[in-house]
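Colleague: You'll find run_36.txt just under this line, and it carries compact mmCIF, N, CA and C atoms and all ligand atoms.
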```
# COMPACT_ATOMS: atom_id res chain seq x y z
N MET A 27 -52.23 -9.67 -14.04
CA MET A 27 -53.05 -10.85 -13.70
C MET A 27 -52.14 -12.08 -13.56
N HIS A 28 -52.35 -12.79 -12.48
CA HIS A 28 -51.59 -13.98 -12.12
C HIS A 28 -51.66 -15.05 -13.22
N GLU A 29 -52.88 -15.32 -13.71
CA GLU A 29 -53.06 -16.37 -14.69
C GLU A 29 -52.39 -16.06 -16.03
N LEU A 30 -52.24 -14.77 -16.34
CA LEU A 30 -51.62 -14.41 -17.62
C LEU A 30 -50.16 -14.84 -17.67
N SER A 31 -49.44 -14.63 -16.58
CA SER A 31 -48.03 -15.03 -16.58
C SER A 31 -47.91 -16.56 -16.61
N ILE A 32 -48.85 -17.25 -15.98
CA ILE A 32 -48.85 -18.71 -16.02
C ILE A 32 -49.13 -19.19 -17.45
N ALA A 33 -50.12 -18.56 -18.09
CA ALA A 33 -50.48 -18.91 -19.46
C ALA A 33 -49.30 -18.66 -20.40
N GLN A 34 -48.63 -17.52 -20.22
CA GLN A 34 -47.48 -17.20 -21.07
C GLN A 34 -46.37 -18.23 -20.90
N ASN A 35 -46.19 -18.65 -19.67
CA ASN A 35 -45.17 -19.65 -19.38
C ASN A 35 -45.51 -20.99 -20.04
N LEU A 36 -46.77 -21.40 -19.94
CA LEU A 36 -47.22 -22.65 -20.55
C LEU A 36 -47.08 -22.61 -22.06
N VAL A 37 -47.48 -21.48 -22.64
CA VAL A 37 -47.40 -21.31 -24.10
C VAL A 37 -45.94 -21.39 -24.55
N GLU A 38 -45.06 -20.78 -23.78
CA GLU A 38 -43.64 -20.79 -24.13
C GLU A 38 -43.09 -22.22 -24.14
N ILE A 39 -43.45 -22.98 -23.11
CA ILE A 39 -42.99 -24.38 -23.00
C ILE A 39 -43.53 -25.21 -24.18
N ALA A 40 -44.84 -25.07 -24.44
CA ALA A 40 -45.48 -25.85 -25.50
C ALA A 40 -44.96 -25.43 -26.87
N ASN A 41 -44.76 -24.14 -27.06
CA ASN A 41 -44.29 -23.64 -28.34
C ASN A 41 -42.87 -24.15 -28.64
N THR A 42 -42.03 -24.16 -27.63
CA THR A 42 -40.67 -24.66 -27.79
C THR A 42 -40.69 -26.15 -28.13
N ALA A 43 -41.56 -26.90 -27.43
CA ALA A 43 -41.68 -28.34 -27.69
C ALA A 43 -42.17 -28.59 -29.11
N ALA A 44 -43.12 -27.78 -29.56
CA ALA A 44 -43.67 -27.92 -30.91
C ALA A 44 -42.61 -27.62 -31.97
N GLN A 45 -41.81 -26.59 -31.72
CA GLN A 45 -40.75 -26.23 -32.67
C GLN A 45 -39.73 -27.36 -32.79
N ARG A 46 -39.39 -27.95 -31.65
CA ARG A 46 -38.43 -29.05 -31.64
C ARG A 46 -38.95 -30.25 -32.39
N ALA A 47 -40.28 -30.45 -32.34
CA ALA A 47 -40.89 -31.60 -33.00
C ALA A 47 -41.27 -31.30 -34.45
N ASN A 48 -40.89 -30.10 -34.92
CA ASN A 48 -41.19 -29.68 -36.29
C ASN A 48 -42.68 -29.65 -36.59
N VAL A 49 -43.44 -29.27 -35.59
CA VAL A 49 -44.88 -29.18 -35.76
C VAL A 49 -45.23 -27.82 -36.37
N GLN A 50 -46.13 -27.87 -37.35
CA GLN A 50 -46.52 -26.62 -38.01
C GLN A 50 -47.58 -25.86 -37.21
N ARG A 51 -48.48 -26.64 -36.62
CA ARG A 51 -49.57 -26.02 -35.89
C ARG A 51 -50.06 -26.95 -34.79
N VAL A 52 -50.16 -26.41 -33.60
CA VAL A 52 -50.68 -27.18 -32.48
C VAL A 52 -52.19 -26.97 -32.41
N THR A 53 -52.94 -28.08 -32.27
CA THR A 53 -54.40 -27.96 -32.23
C THR A 53 -54.95 -27.97 -30.81
N ALA A 54 -54.22 -28.65 -29.91
CA ALA A 54 -54.68 -28.69 -28.52
C ALA A 54 -53.53 -28.98 -27.56
N VAL A 55 -53.67 -28.47 -26.36
CA VAL A 55 -52.70 -28.71 -25.31
C VAL A 55 -53.44 -29.29 -24.12
N ARG A 56 -52.96 -30.45 -23.66
CA ARG A 56 -53.58 -31.08 -22.48
C ARG A 56 -52.80 -30.70 -21.23
N LEU A 57 -53.55 -30.24 -20.24
CA LEU A 57 -52.93 -29.75 -19.02
C LEU A 57 -53.57 -30.40 -17.80
N GLN A 58 -52.75 -30.75 -16.84
CA GLN A 58 -53.26 -31.23 -15.56
C GLN A 58 -53.23 -30.08 -14.58
N LEU A 59 -54.36 -29.85 -13.93
CA LEU A 59 -54.45 -28.73 -13.00
C LEU A 59 -55.01 -29.22 -11.67
N GLY A 60 -54.17 -29.16 -10.67
CA GLY A 60 -54.59 -29.58 -9.32
C GLY A 60 -55.43 -28.50 -8.65
N ALA A 61 -56.29 -28.95 -7.75
CA ALA A 61 -57.19 -28.01 -7.06
C ALA A 61 -56.43 -27.02 -6.17
N LEU A 62 -55.20 -27.37 -5.81
CA LEU A 62 -54.40 -26.49 -4.95
C LEU A 62 -53.37 -25.67 -5.73
N ALA A 63 -53.43 -25.73 -7.05
CA ALA A 63 -52.43 -25.03 -7.86
C ALA A 63 -52.60 -23.51 -7.78
N GLY A 64 -53.74 -23.08 -7.29
CA GLY A 64 -53.98 -21.65 -7.12
C GLY A 64 -54.29 -20.95 -8.43
N VAL A 65 -54.85 -21.69 -9.37
CA VAL A 65 -55.16 -21.13 -10.67
C VAL A 65 -56.67 -21.24 -10.92
N VAL A 66 -57.25 -20.13 -11.35
CA VAL A 66 -58.67 -20.14 -11.71
C VAL A 66 -58.77 -20.61 -13.15
N LYS A 67 -59.49 -21.72 -13.34
CA LYS A 67 -59.55 -22.36 -14.65
C LYS A 67 -60.05 -21.42 -15.75
N ASP A 68 -61.17 -20.76 -15.51
CA ASP A 68 -61.75 -19.88 -16.54
C ASP A 68 -60.80 -18.74 -16.90
N SER A 69 -60.13 -18.26 -15.88
CA SER A 69 -59.17 -17.18 -16.07
C SER A 69 -58.00 -17.66 -16.93
N LEU A 70 -57.55 -18.87 -16.65
CA LEU A 70 -56.43 -19.44 -17.39
C LEU A 70 -56.81 -19.66 -18.86
N LEU A 71 -58.03 -20.14 -19.07
CA LEU A 71 -58.50 -20.36 -20.45
C LEU A 71 -58.54 -19.05 -21.22
N PHE A 72 -59.02 -18.01 -20.55
CA PHE A 72 -59.11 -16.69 -21.18
C PHE A 72 -57.71 -16.17 -21.52
N CYS A 73 -56.80 -16.30 -20.57
CA CYS A 73 -55.44 -15.80 -20.77
C CYS A 73 -54.67 -16.62 -21.81
N TYR A 74 -55.03 -17.88 -21.91
CA TYR A 74 -54.36 -18.76 -22.86
C TYR A 74 -54.55 -18.26 -24.29
N ASP A 75 -55.77 -17.83 -24.60
CA ASP A 75 -56.05 -17.30 -25.94
C ASP A 75 -55.20 -16.08 -26.25
N ILE A 76 -55.01 -15.25 -25.24
CA ILE A 76 -54.19 -14.04 -25.42
C ILE A 76 -52.72 -14.43 -25.58
N ALA A 77 -52.27 -15.32 -24.70
CA ALA A 77 -50.85 -15.69 -24.68
C ALA A 77 -50.43 -16.49 -25.92
N SER A 78 -51.38 -17.25 -26.49
CA SER A 78 -51.01 -18.11 -27.61
C SER A 78 -51.04 -17.39 -28.96
N ALA A 79 -51.58 -16.18 -28.99
CA ALA A 79 -51.65 -15.43 -30.24
C ALA A 79 -50.25 -15.21 -30.82
N GLY A 80 -50.12 -15.50 -32.11
CA GLY A 80 -48.84 -15.28 -32.78
C GLY A 80 -47.83 -16.40 -32.58
N THR A 81 -48.25 -17.49 -31.92
CA THR A 81 -47.35 -18.64 -31.75
C THR A 81 -47.92 -19.83 -32.52
N LEU A 82 -47.22 -20.95 -32.45
CA LEU A 82 -47.71 -22.17 -33.11
C LEU A 82 -48.99 -22.67 -32.46
N LEU A 83 -49.31 -22.11 -31.31
CA LEU A 83 -50.48 -22.56 -30.56
C LEU A 83 -51.71 -21.70 -30.82
N GLU A 84 -51.56 -20.71 -31.66
CA GLU A 84 -52.67 -19.80 -31.91
C GLU A 84 -53.91 -20.56 -32.39
N GLY A 85 -55.04 -20.32 -31.73
CA GLY A 85 -56.29 -20.97 -32.12
C GLY A 85 -56.47 -22.37 -31.57
N SER A 86 -55.47 -22.85 -30.83
CA SER A 86 -55.58 -24.20 -30.28
C SER A 86 -56.42 -24.19 -29.01
N LYS A 87 -56.83 -25.39 -28.61
CA LYS A 87 -57.64 -25.51 -27.40
C LYS A 87 -56.76 -25.88 -26.22
N LEU A 88 -57.09 -25.34 -25.08
CA LEU A 88 -56.43 -25.75 -23.84
C LEU A 88 -57.39 -26.70 -23.14
N LEU A 89 -57.00 -27.98 -23.07
CA LEU A 89 -57.85 -29.00 -22.45
C LEU A 89 -57.35 -29.23 -21.03
N ILE A 90 -58.14 -28.79 -20.08
CA ILE A 90 -57.71 -28.87 -18.69
C ILE A 90 -58.33 -30.07 -17.98
N GLU A 91 -57.45 -30.90 -17.45
CA GLU A 91 -57.90 -32.04 -16.64
C GLU A 91 -57.74 -31.63 -15.18
N GLU A 92 -58.86 -31.45 -14.50
CA GLU A 92 -58.81 -31.00 -13.11
C GLU A 92 -58.61 -32.17 -12.16
N LEU A 93 -57.63 -32.01 -11.27
CA LEU A 93 -57.32 -33.07 -10.32
C LEU A 93 -57.77 -32.65 -8.92
N PRO A 94 -58.46 -33.54 -8.23
CA PRO A 94 -58.86 -33.21 -6.86
C PRO A 94 -57.66 -33.33 -5.92
N VAL A 95 -57.82 -32.80 -4.72
CA VAL A 95 -56.77 -32.94 -3.71
C VAL A 95 -56.88 -34.36 -3.14
N VAL A 96 -55.73 -35.00 -3.03
CA VAL A 96 -55.69 -36.33 -2.43
C VAL A 96 -54.78 -36.26 -1.20
N ILE A 97 -55.32 -36.69 -0.06
CA ILE A 97 -54.51 -36.72 1.16
C ILE A 97 -54.36 -38.16 1.64
N TYR A 98 -53.36 -38.35 2.49
CA TYR A 98 -53.19 -39.67 3.11
C TYR A 98 -53.80 -39.61 4.49
N CYS A 99 -54.73 -40.51 4.75
CA CYS A 99 -55.36 -40.55 6.07
C CYS A 99 -54.65 -41.59 6.93
N PRO A 100 -54.04 -41.13 8.05
CA PRO A 100 -53.32 -42.08 8.92
C PRO A 100 -54.26 -43.05 9.62
N GLN A 101 -55.51 -42.62 9.79
CA GLN A 101 -56.49 -43.47 10.46
C GLN A 101 -56.93 -44.63 9.55
N CYS A 102 -57.29 -44.28 8.32
CA CYS A 102 -57.73 -45.29 7.35
C CYS A 102 -56.54 -45.99 6.69
N GLN A 103 -55.37 -45.38 6.83
CA GLN A 103 -54.14 -45.89 6.21
C GLN A 103 -54.29 -46.04 4.70
N GLN A 104 -54.90 -45.02 4.10
CA GLN A 104 -55.00 -45.01 2.64
C GLN A 104 -55.15 -43.57 2.16
N THR A 105 -54.94 -43.38 0.85
CA THR A 105 -55.12 -42.06 0.28
C THR A 105 -56.59 -41.86 -0.07
N VAL A 106 -57.08 -40.66 0.19
CA VAL A 106 -58.48 -40.35 -0.09
C VAL A 106 -58.56 -39.00 -0.82
N ALA A 107 -59.49 -38.91 -1.76
CA ALA A 107 -59.70 -37.67 -2.50
C ALA A 107 -60.67 -36.77 -1.74
N LEU A 108 -60.35 -35.48 -1.68
CA LEU A 108 -61.22 -34.53 -0.99
C LEU A 108 -62.21 -33.92 -1.98
N GLU A 109 -63.43 -33.70 -1.51
CA GLU A 109 -64.42 -33.09 -2.39
C GLU A 109 -64.34 -31.58 -2.30
N THR A 110 -63.74 -31.09 -1.25
CA THR A 110 -63.59 -29.66 -1.06
C THR A 110 -62.18 -29.38 -0.53
N VAL A 111 -61.68 -28.18 -0.79
CA VAL A 111 -60.36 -27.84 -0.26
C VAL A 111 -60.51 -26.94 0.97
N GLN A 112 -61.74 -26.86 1.49
CA GLN A 112 -62.00 -26.02 2.66
C GLN A 112 -61.40 -26.64 3.92
N ALA A 113 -61.45 -27.97 4.01
CA ALA A 113 -60.94 -28.65 5.20
C ALA A 113 -60.17 -29.89 4.78
N PHE A 114 -59.00 -30.05 5.37
CA PHE A 114 -58.19 -31.21 5.04
C PHE A 114 -58.49 -32.35 6.00
N CYS A 115 -59.72 -32.84 5.90
CA CYS A 115 -60.14 -33.94 6.75
C CYS A 115 -60.58 -35.10 5.88
N CYS A 116 -60.29 -36.29 6.34
CA CYS A 116 -60.68 -37.49 5.63
C CYS A 116 -62.19 -37.55 5.49
N PRO A 117 -62.71 -37.71 4.27
CA PRO A 117 -64.16 -37.77 4.09
C PRO A 117 -64.78 -39.05 4.66
N VAL A 118 -63.94 -40.03 4.95
CA VAL A 118 -64.45 -41.30 5.49
C VAL A 118 -64.59 -41.24 7.01
N CYS A 119 -63.50 -40.84 7.69
CA CYS A 119 -63.52 -40.89 9.16
C CYS A 119 -63.39 -39.52 9.82
N GLY A 120 -63.12 -38.48 9.04
CA GLY A 120 -63.06 -37.13 9.60
C GLY A 120 -61.73 -36.74 10.23
N THR A 121 -60.74 -37.60 10.15
CA THR A 121 -59.42 -37.30 10.71
C THR A 121 -58.70 -36.23 9.89
N PHE A 122 -58.12 -35.24 10.61
CA PHE A 122 -57.38 -34.21 9.91
C PHE A 122 -56.05 -34.76 9.40
N SER A 123 -55.69 -34.36 8.18
CA SER A 123 -54.40 -34.75 7.65
C SER A 123 -53.91 -33.69 6.68
N ASN A 124 -52.65 -33.29 6.83
CA ASN A 124 -52.09 -32.34 5.86
C ASN A 124 -51.01 -33.03 5.03
N ASP A 125 -51.12 -34.34 4.96
CA ASP A 125 -50.20 -35.13 4.14
C ASP A 125 -50.77 -35.17 2.71
N ILE A 126 -50.42 -34.13 1.95
CA ILE A 126 -51.01 -33.97 0.62
C ILE A 126 -50.23 -34.78 -0.42
N ARG A 127 -50.97 -35.62 -1.14
CA ARG A 127 -50.33 -36.49 -2.14
C ARG A 127 -50.60 -36.04 -3.57
N GLN A 128 -51.62 -35.23 -3.75
CA GLN A 128 -51.95 -34.74 -5.09
C GLN A 128 -52.76 -33.46 -4.95
N GLY A 129 -52.63 -32.58 -5.96
CA GLY A 129 -53.45 -31.36 -5.94
C GLY A 129 -52.70 -30.11 -6.32
N ARG A 130 -51.36 -30.19 -6.38
CA ARG A 130 -50.59 -28.98 -6.73
C ARG A 130 -50.11 -29.00 -8.18
N GLU A 131 -50.58 -29.96 -8.96
CA GLU A 131 -50.12 -30.12 -10.34
C GLU A 131 -50.47 -28.92 -11.21
N LEU A 132 -49.55 -28.56 -12.04
CA LEU A 132 -49.79 -27.56 -13.09
C LEU A 132 -48.79 -27.91 -14.18
N GLU A 133 -49.16 -28.91 -14.99
CA GLU A 133 -48.20 -29.35 -15.98
C GLU A 133 -48.84 -29.80 -17.29
N ILE A 134 -48.09 -29.60 -18.34
CA ILE A 134 -48.55 -30.01 -19.66
C ILE A 134 -48.36 -31.51 -19.81
N LEU A 135 -49.43 -32.20 -20.19
CA LEU A 135 -49.36 -33.64 -20.39
C LEU A 135 -48.92 -33.96 -21.80
N SER A 136 -49.57 -33.32 -22.78
CA SER A 136 -49.25 -33.60 -24.17
C SER A 136 -49.75 -32.49 -25.08
N LEU A 137 -49.22 -32.52 -26.29
CA LEU A 137 -49.65 -31.57 -27.31
C LEU A 137 -50.31 -32.36 -28.43
N GLU A 138 -51.34 -31.79 -28.99
CA GLU A 138 -51.93 -32.40 -30.17
C GLU A 138 -51.63 -31.49 -31.34
N ALA A 139 -51.07 -32.09 -32.39
CA ALA A 139 -50.67 -31.29 -33.53
C ALA A 139 -51.39 -31.71 -34.79
N GLU A 140 -51.46 -30.77 -35.69
CA GLU A 140 -52.07 -31.06 -36.99
C GLU A 140 -51.08 -31.90 -37.79
N GLU A 141 -51.56 -32.99 -38.30
CA GLU A 141 -50.70 -33.85 -39.12
C GLU A 141 -50.45 -33.14 -40.44
N GLU A 142 -49.21 -33.18 -40.86
CA GLU A 142 -48.92 -32.57 -42.14
C GLU A 142 -49.39 -33.52 -43.25
N ASN A 143 -50.27 -33.02 -44.06
CA ASN A 143 -50.85 -33.85 -45.12
C ASN A 143 -49.99 -33.78 -46.38
N GLU A 144 -49.29 -34.87 -46.63
CA GLU A 144 -48.37 -34.86 -47.77
C GLU A 144 -49.01 -35.41 -49.03
N HIS A 145 -50.23 -35.93 -48.88
CA HIS A 145 -50.90 -36.45 -50.04
C HIS A 145 -51.71 -35.33 -50.69
N PRO A 146 -51.63 -35.20 -51.98
CA PRO A 146 -52.40 -34.14 -52.65
C PRO A 146 -53.90 -34.38 -52.50
N SER A 147 -54.64 -33.32 -52.29
CA SER A 147 -56.06 -33.48 -52.08
C SER A 147 -56.82 -33.70 -53.39
N HIS A 148 -56.15 -33.36 -54.50
CA HIS A 148 -56.78 -33.60 -55.80
C HIS A 148 -56.08 -34.74 -56.51
N PRO A 149 -56.81 -35.61 -57.16
CA PRO A 149 -56.21 -36.75 -57.84
C PRO A 149 -55.38 -36.34 -59.07
ZN ZN B 201 -59.83 -41.64 7.29
```
Take the structure in the file and give it back as structure tokens.
Modeller:
Amino acid sequence: MHELSIAQNLVEIANTAAQRANVQRVTAVRLQLGALAGVVKDSLLFCYDIASAGTLLEGSKLLIEELPVVIYCPQCQQTVALETVQAFCCPVCGTFSNDIRQGRELEILSLEAEEENEHPSHP
């Protein structure tokens, strides 16, 4: 499965970053996912649970921020977000443009880690 290798790769990157930061346990990973990244979100979430097992990320949440495709329209002379990836046409004027400015992202934004509690819970 395509998404499994992507999930394994993401887990590896995040796990290495967590180890470097001396984090004991990661609670969540924030990811930016462009509409053109070629990744099925639900599939990635499913694979993430499998890939994160046995790492510092085990049991953590994968928080996916989905990014729409943004193209530059030469007619309107501005960037516009597409509602669909079926046609690369400006939603305002209908001009075709393959000048893609956003949508291929697949990157980790940040990790959320459990704070190490150094204060005793009992007085
Ligand atoms: Zn336009």
Colleague: Produce as a PyMOL selection string the set of residues near ligand ZN 201 (chain B), where near means within 9 Å with only C-alpha atoms and all ligand atoms considered.
Modeller: chain A and resi 98-106+115-123
Colleague: Of the candidates A:Asp125, A:Asp68, A:Glu84, A:Glu92, which one gets nearest to Arg51 (chain A) if we count only N, CA and C atoms?
Modeller: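 For Arg51 (chain A), the nearest of the candidates is A:Glu84.
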Colleague: Residues of region 40-98 of chain A classed as alpha helix (DSSP H) by DSSP on the backbone are to be reported as a PyMOL selection string.
Modeller: chain A and resi 40-46+67-78
Colleague: Could you take the residues named above and write them with N, CA and C atoms, as a PDB file, keeping the file's coordinate frame?
Modeller:
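The resulting file, part-v3.pdb, is shown below:
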```
ATOM      1  N   ALA A  40     -44.840 -25.070 -24.440  1.00  0.00           N
ATOM      2  CA  ALA A  40     -45.480 -25.850 -25.500  1.00  0.00           C
ATOM      3  C   ALA A  40     -44.960 -25.430 -26.870  1.00  0.00           C
ATOM      4  N   ASN A  41     -44.760 -24.140 -27.060  1.00  0.00           N
ATOM      5  CA  ASN A  41     -44.290 -23.640 -28.340  1.00  0.00           C
ATOM      6  C   ASN A  41     -42.870 -24.150 -28.640  1.00  0.00           C
ATOM      7  N   THR A  42     -42.030 -24.160 -27.630  1.00  0.00           N
ATOM      8  CA  THR A  42     -40.670 -24.660 -27.790  1.00  0.00           C
ATOM      9  C   THR A  42     -40.690 -26.150 -28.130  1.00  0.00           C
ATOM     10  N   ALA A  43     -41.560 -26.900 -27.430  1.00  0.00           N
ATOM     11  CA  ALA A  43     -41.680 -28.340 -27.690  1.00  0.00           C
ATOM     12  C   ALA A  43     -42.170 -28.590 -29.110  1.00  0.00           C
ATOM     13  N   ALA A  44     -43.120 -27.780 -29.560  1.00  0.00           N
ATOM     14  CA  ALA A  44     -43.670 -27.920 -30.910  1.00  0.00           C
ATOM     15  C   ALA A  44     -42.610 -27.620 -31.970  1.00  0.00           C
ATOM     16  N   GLN A  45     -41.810 -26.590 -31.720  1.00  0.00           N
ATOM     17  CA  GLN A  45     -40.750 -26.230 -32.670  1.00  0.00           C
ATOM     18  C   GLN A  45     -39.730 -27.360 -32.790  1.00  0.00           C
ATOM     19  N   ARG A  46     -39.390 -27.950 -31.650  1.00  0.00           N
ATOM     20  CA  ARG A  46     -38.430 -29.050 -31.640  1.00  0.00           C
ATOM     21  C   ARG A  46     -38.950 -30.250 -32.390  1.00  0.00           C
ATOM     22  N   LYS A  67     -59.490 -21.720 -13.340  1.00  0.00           N
ATOM     23  CA  LYS A  67     -59.550 -22.360 -14.650  1.00  0.00           C
ATOM     24  C   LYS A  67     -60.050 -21.420 -15.750  1.00  0.00           C
ATOM     25  N   ASP A  68     -61.170 -20.760 -15.510  1.00  0.00           N
ATOM     26  CA  ASP A  68     -61.750 -19.880 -16.540  1.00  0.00           C
ATOM     27  C   ASP A  68     -60.800 -18.740 -16.900  1.00  0.00           C
ATOM     28  N   SER A  69     -60.130 -18.260 -15.880  1.00  0.00           N
ATOM     29  CA  SER A  69     -59.170 -17.180 -16.070  1.00  0.00           C
ATOM     30  C   SER A  69     -58.000 -17.660 -16.930  1.00  0.00           C
ATOM     31  N   LEU A  70     -57.550 -18.870 -16.650  1.00  0.00           N
ATOM     32  CA  LEU A  70     -56.430 -19.440 -17.390  1.00  0.00           C
ATOM     33  C   LEU A  70     -56.810 -19.660 -18.860  1.00  0.00           C
ATOM     34  N   LEU A  71     -58.030 -20.140 -19.070  1.00  0.00           N
ATOM     35  CA  LEU A  71     -58.500 -20.360 -20.450  1.00  0.00           C
ATOM     36  C   LEU A  71     -58.540 -19.050 -21.220  1.00  0.00           C
ATOM     37  N   PHE A  72     -59.020 -18.010 -20.550  1.00  0.00           N
ATOM     38  CA  PHE A  72     -59.110 -16.690 -21.180  1.00  0.00           C
ATOM     39  C   PHE A  72     -57.710 -16.170 -21.520  1.00  0.00           C
ATOM     40  N   CYS A  73     -56.800 -16.300 -20.570  1.00  0.00           N
ATOM     41  CA  CYS A  73     -55.440 -15.800 -20.770  1.00  0.00           C
ATOM     42  C   CYS A  73     -54.670 -16.620 -21.810  1.00  0.00           C
ATOM     43  N   TYR A  74     -55.030 -17.880 -21.910  1.00  0.00           N
ATOM     44  CA  TYR A  74     -54.360 -18.760 -22.860  1.00  0.00           C
ATOM     45  C   TYR A  74     -54.550 -18.260 -24.290  1.00  0.00           C
ATOM     46  N   ASP A  75     -55.770 -17.830 -24.600  1.00  0.00           N
ATOM     47  CA  ASP A  75     -56.050 -17.300 -25.940  1.00  0.00           C
ATOM     48  C   ASP A  75     -55.200 -16.080 -26.250  1.00  0.00           C
ATOM     49  N   ILE A  76     -55.010 -15.250 -25.240  1.00  0.00           N
ATOM     50  CA  ILE A  76     -54.190 -14.040 -25.420  1.00  0.00           C
ATOM     51  C   ILE A  76     -52.720 -14.430 -25.580  1.00  0.00           C
ATOM     52  N   ALA A  77     -52.270 -15.320 -24.700  1.00  0.00           N
ATOM     53  CA  ALA A  77     -50.850 -15.690 -24.680  1.00  0.00           C
ATOM     54  C   ALA A  77     -50.430 -16.490 -25.920  1.00  0.00           C
ATOM     55  N   SER A  78     -51.380 -17.250 -26.490  1.00  0.00           N
ATOM     56  CA  SER A  78     -51.010 -18.110 -27.610  1.00  0.00           C
ATOM     57  C   SER A  78     -51.040 -17.390 -28.960  1.00  0.00           C
TER      58      SER A  78
END
```
Colleague: Between A:Glu38, A:Asp75, A:Glu141, A:Glu109, which one has atoms that come closest to Leu88 (chain A), using only C-alpha atoms?
Modeller: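 Closest candidate: A:Asp75.
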Colleague: Would you compute the distance between CA of Cys73 (chain A) and CA of Thr53 (chain A)? Give it in Å to one decimal.
Modeller: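 Value for the CA of Cys73 (chain A)-CA of Thr53 (chain A) distance: 16.7 Å.
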Colleague: The centre and edge lengths of an axis-aligned box containing all atoms of region 41-59 of chain A present in the file, extended by 3 Å on each side, are to be given in Å to one decimal, as AutoDock Vina command-line options.
Modeller:
```
--center_x -46.7 --center_y -27.6 --center_z -24.8 --size_x 22.6 --size_y 14.0 --size_z 32.3
```
Colleague: Using Å and a single decimal, report how far atom C of Ala40 (chain A) sits from CA of Ile126 (chain A).
Modeller: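 Pair CA of Ile126 (chain A) / atom C of Ala40 (chain A) returns 29.4 Å.
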Colleague: Near Tyr74 (chain A), counting only N, CA and C atoms, which residues have an atom at most 7 Å away, once you skip same-chain residues fewer than 5 positions from it, shown as number ranges by chain?
Modeller: A: 29-30, 33-34, 69, 79
Colleague: Step one, run DSSP on the backbone; step two, keep only residues of chain A assigned to strand (DSSP E); then write them as a VMD selection string.
Modeller: chain A and resid 52 to 60 87 to 93 96 to 99 104 to 107 126 to 128 132 to 139
Colleague: How many Å separate atom N of Gln128 (chain A) from CA of Thr110 (chain A)?
Modeller: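 Computing it gives 13.5 Å between the two atoms.
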Colleague: Using only C-alpha atoms, can you tell me which of A:Ala44, A:Val55, A:Ala113, A:Val49 comes closest to Ser136 (chain A)?
Modeller: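 Going through A:Ala44, A:Val55, A:Ala113, A:Val49 one by one, the smallest distance to Ser136 (chain A) is for A:Val55.
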Colleague: Name the closest residue to Lys67 (chain A) among the candidates A:Leu82, A:Arg46, A:Ser31, A:Ile90; distances are taken between atoms, counting only N, CA and C atoms.
Modeller: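 Looking at the shortest contact to Lys67 (chain A), the residue is A:Ile90.
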